[in-house]
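Chemist: I'd like to ask some things about the structure below.
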Amino acid sequence: MIDERIAERRAAVRDDHRRSRLRRTRWWLGLLVLLGIVVVVERSPLVALEEVEVVGLERLEPAAVIAAADLEVGTSTLRLRLRAASERVEELPLVREASARRIDPLSVLFEVEERRPELLVVGDGERRYVDRDGIVIDDVAPGEEPSAALPVIELASEPPLLGAPVTDDAALANAHAVWRGLSGPLRADTVRYRAEGPDELTLELRSGVEVRFGSADRVDEKVRALGAVLDDVGDTPVATIDVRAPSAPVVIGR
């Protein structure tokens, strides 16, 4: 009787093992079939990228954005990495921010915010645009006439290359810092920044008055001193105002 029970128990264990192996085999076969289906679908034209649309451009061409994104028409939409593609687009000097999203299963839309030129930097025969954040964003194209509304920073050497920050040139970095530190009306009234060195900056006002500003240190004090002097002189002809020592500004008449 004991031997029969042991035999039955062993038989039941063997049956359990067989059923367990059968379940695992079916699971693996199902997984392989599913992977096969995924591979077939992934390579199918049914999921191939059909269109990449770009909006928000002014200076850039859509082809430049699409090339930077590295999303080719025909690529499987199951393999798209839109965040990585957006980051590649943001590496373009003219792009401030980019985002990509699907507008339907087979189409992608890029929304691009371009950097806007705020300053024209000239030096050693080169002319380049700089944005508010201090990034060199573009060359002035041959034959292109920059907007007269853009203030000019004059350097003694060639400006940094495209995509570089203004901090690559100490004199340019100082001029950019002063430009950002000027009050709204004073910034609008300044048409030229002559950056002869890291601590040697002269402003040219729309009226023709030259302002020896020096470094961007104590910029708020210098701006207040300059504003006070301009209010005091009124219509009196003035050639130069020196605010390098803001507590004791110097005025030179014409």
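Each chain in the structure tokens gets a letter, A, B and so on, in the order shown; residues start at 1 in every chain, and ligands are counted from 1 in the order they appear.
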Residues within 10 Å of segment 101-117 of chain A, please, as number ranges by chain. Count only C-alpha atoms; anything in the same chain fewer than 3 positions from it doesn't count.
Modeler: A: 46-60, 62, 65-66, 69, 71, 73-78, 80, 82-83, 85-86, 89-90, 92-98, 120, 128-138, 146-147, 150
Chemist: Tell me, as a list in words, which residues lie within 12 Å of Arg180 of chain A, counting only C-alpha atoms; anything in the same chain fewer than 3 positions away does not count.
Modeler: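 Counting only C-alpha atoms, the residues come to Glu118, Leu119, Asp131, Arg132, Asp133, Gly134, Ala173, Asn174, Ala175, His176, Ala177, Ser183, Gly184, Leu186, Arg187, Ala188, Thr190, Ala216, Val219, Asp220 and Val223 of chain A.
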Chemist: Just N, CA and C atoms for this one: save the residues we selected as a short mmCIF file (atom, residue, chain, number, x, y, z; two decimals), in the first residue's frame.
Modeler:
data_model
loop_
_atom_site.label_atom_id
_atom_site.label_comp_id
_atom_site.auth_asym_id
_atom_site.auth_seq_id
_atom_site.Cartn_x
_atom_site.Cartn_y
_atom_site.Cartn_z
N GLU A 118 20.25 90.21 -31.53
CA GLU A 118 20.06 91.42 -30.72
C GLU A 118 21.21 92.40 -30.89
N LEU A 119 22.36 91.89 -31.30
CA LEU A 119 23.55 92.71 -31.45
C LEU A 119 24.29 92.29 -32.72
N ASP A 131 22.82 86.82 -29.84
CA ASP A 131 21.48 86.92 -29.26
C ASP A 131 21.57 87.42 -27.82
N ARG A 132 20.41 87.51 -27.19
CA ARG A 132 20.33 88.05 -25.82
C ARG A 132 21.13 87.21 -24.82
N ASP A 133 21.18 85.90 -25.06
CA ASP A 133 21.88 85.02 -24.13
C ASP A 133 23.39 85.02 -24.33
N GLY A 134 23.87 85.75 -25.34
CA GLY A 134 25.31 85.81 -25.55
C GLY A 134 25.84 84.66 -26.38
N ALA A 173 32.59 89.75 -24.13
CA ALA A 173 31.82 89.38 -22.94
C ALA A 173 31.54 90.60 -22.08
N ASN A 174 32.53 91.49 -21.94
CA ASN A 174 32.33 92.70 -21.14
C ASN A 174 31.29 93.61 -21.79
N ALA A 175 31.39 93.79 -23.12
CA ALA A 175 30.43 94.64 -23.81
C ALA A 175 29.02 94.07 -23.72
N HIS A 176 28.90 92.75 -23.86
CA HIS A 176 27.58 92.12 -23.77
C HIS A 176 26.99 92.28 -22.38
N ALA A 177 27.82 92.15 -21.35
CA ALA A 177 27.35 92.30 -19.97
C ALA A 177 26.87 93.73 -19.73
N SER A 183 19.81 100.28 -18.59
CA SER A 183 18.37 100.44 -18.46
C SER A 183 17.75 100.49 -19.85
N GLY A 184 16.45 100.26 -19.93
CA GLY A 184 15.77 100.21 -21.22
C GLY A 184 15.99 101.43 -22.09
N LEU A 186 18.25 103.82 -21.88
CA LEU A 186 19.67 104.03 -22.18
C LEU A 186 20.17 102.99 -23.19
N ARG A 187 19.70 101.77 -23.06
CA ARG A 187 20.09 100.74 -24.04
C ARG A 187 19.58 101.12 -25.42
N ALA A 188 18.35 101.61 -25.50
CA ALA A 188 17.79 102.00 -26.79
C ALA A 188 18.53 103.17 -27.40
N THR A 190 21.79 103.73 -27.06
CA THR A 190 23.19 103.39 -27.34
C THR A 190 23.27 102.65 -28.66
N ALA A 216 32.31 96.03 -16.85
CA ALA A 216 30.92 95.81 -16.43
C ALA A 216 30.78 95.78 -14.91
N VAL A 219 28.02 98.05 -12.75
CA VAL A 219 27.27 98.58 -13.89
C VAL A 219 26.06 99.38 -13.44
N ASP A 220 25.39 98.94 -12.39
CA ASP A 220 24.20 99.68 -11.93
C ASP A 220 24.57 101.09 -11.48
N VAL A 223 25.35 103.22 -14.54
CA VAL A 223 24.13 103.58 -15.26
C VAL A 223 23.41 104.72 -14.55
#
Chemist: Distance atom CA of Val233 of chain A-atom CA of Glu204 of chain A, one decimal place?
Modeler: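 Calculated distance between atom CA of Val233 of chain A and atom CA of Glu204 of chain A is 16.6 Å.
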Chemist: Which of these residues is nearest to Arg224 of chain A, using only C-alpha atoms: A:Ala239, A:Leu182, A:Leu205, A:Val251?
Modeler: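 Using only C-alpha atoms, Arg224 of chain A sits closest to A:Leu182.
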Chemist: Rank nothing, just name the residue among A:Asp242, A:Glu126, A:Glu210, A:Asp217 nearest to Pro198 of chain A, using only C-alpha atoms.
Modeler: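 Closest to Pro198 of chain A of all the choices is A:Asp217.
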Chemist: Considering only C-alpha atoms, state which residue in the set A:Glu144, A:Asp189, A:Asp169, A:Glu196 is at the smallest distance from Ala156 of chain A.
Modeler: A:Glu196
Chemist: Where does DSSP see alpha helix (DSSP H) in segment 34-200 of chain A, if you list the residues as a PyMOL selection string?
Modeler: chain A and resi 34-42+62-69+82-89+170-181+184-189
Chemist: Rounded to one decimal place, report the atom CA of Val152 of chain A-atom CA of Ala245 of chain A distance in Å.
Modeler: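 So the two atoms, atom CA of Val152 of chain A and atom CA of Ala245 of chain A, lie 24.4 Å apart.
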Chemist: I need the residues of segment 27-228 of chain A that end up classed as strand (DSSP E or B) by DSSP on the backbone, written out as an NGL selection string.
Modeler: :A and (48 or 51-55 or 76 or 95-104 or 107-114 or 119-123 or 126-130 or 135-139 or 152-155 or 165 or 190-197 or 200-205 or 210-212)
Chemist: Ranking A:Val166, A:Ile252, A:Ala148, A:Ser247 by minimum distance to Val211 of chain A and counting only C-alpha atoms, which one comes first?
Modeler: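 Using only C-alpha atoms, Val211 of chain A sits closest to A:Ile252.
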Chemist: Looking at only C-alpha atoms, which of A:Val191, A:Val121, A:Ala248, A:Val140 is the one that sits closest to Ser157 of chain A?
Modeler: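 Comparing A:Val191, A:Val121, A:Ala248, A:Val140 against Ser157 of chain A, the winner is A:Val121.
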Chemist: Between A:Leu230, A:Ala225, A:Ala84, A:Ala170, which one has atoms that come closest to Asp70 of chain A, using only C-alpha atoms?
Modeler: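 That would be A:Ala84, the residue with the smallest distance to Asp70 of chain A.
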Chemist: To one decimal place, how far is atom CA of Glu158 of chain A from atom CA of Leu203 of chain A in Å?
Modeler: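 Interatomic distance here is 19.6 Å.
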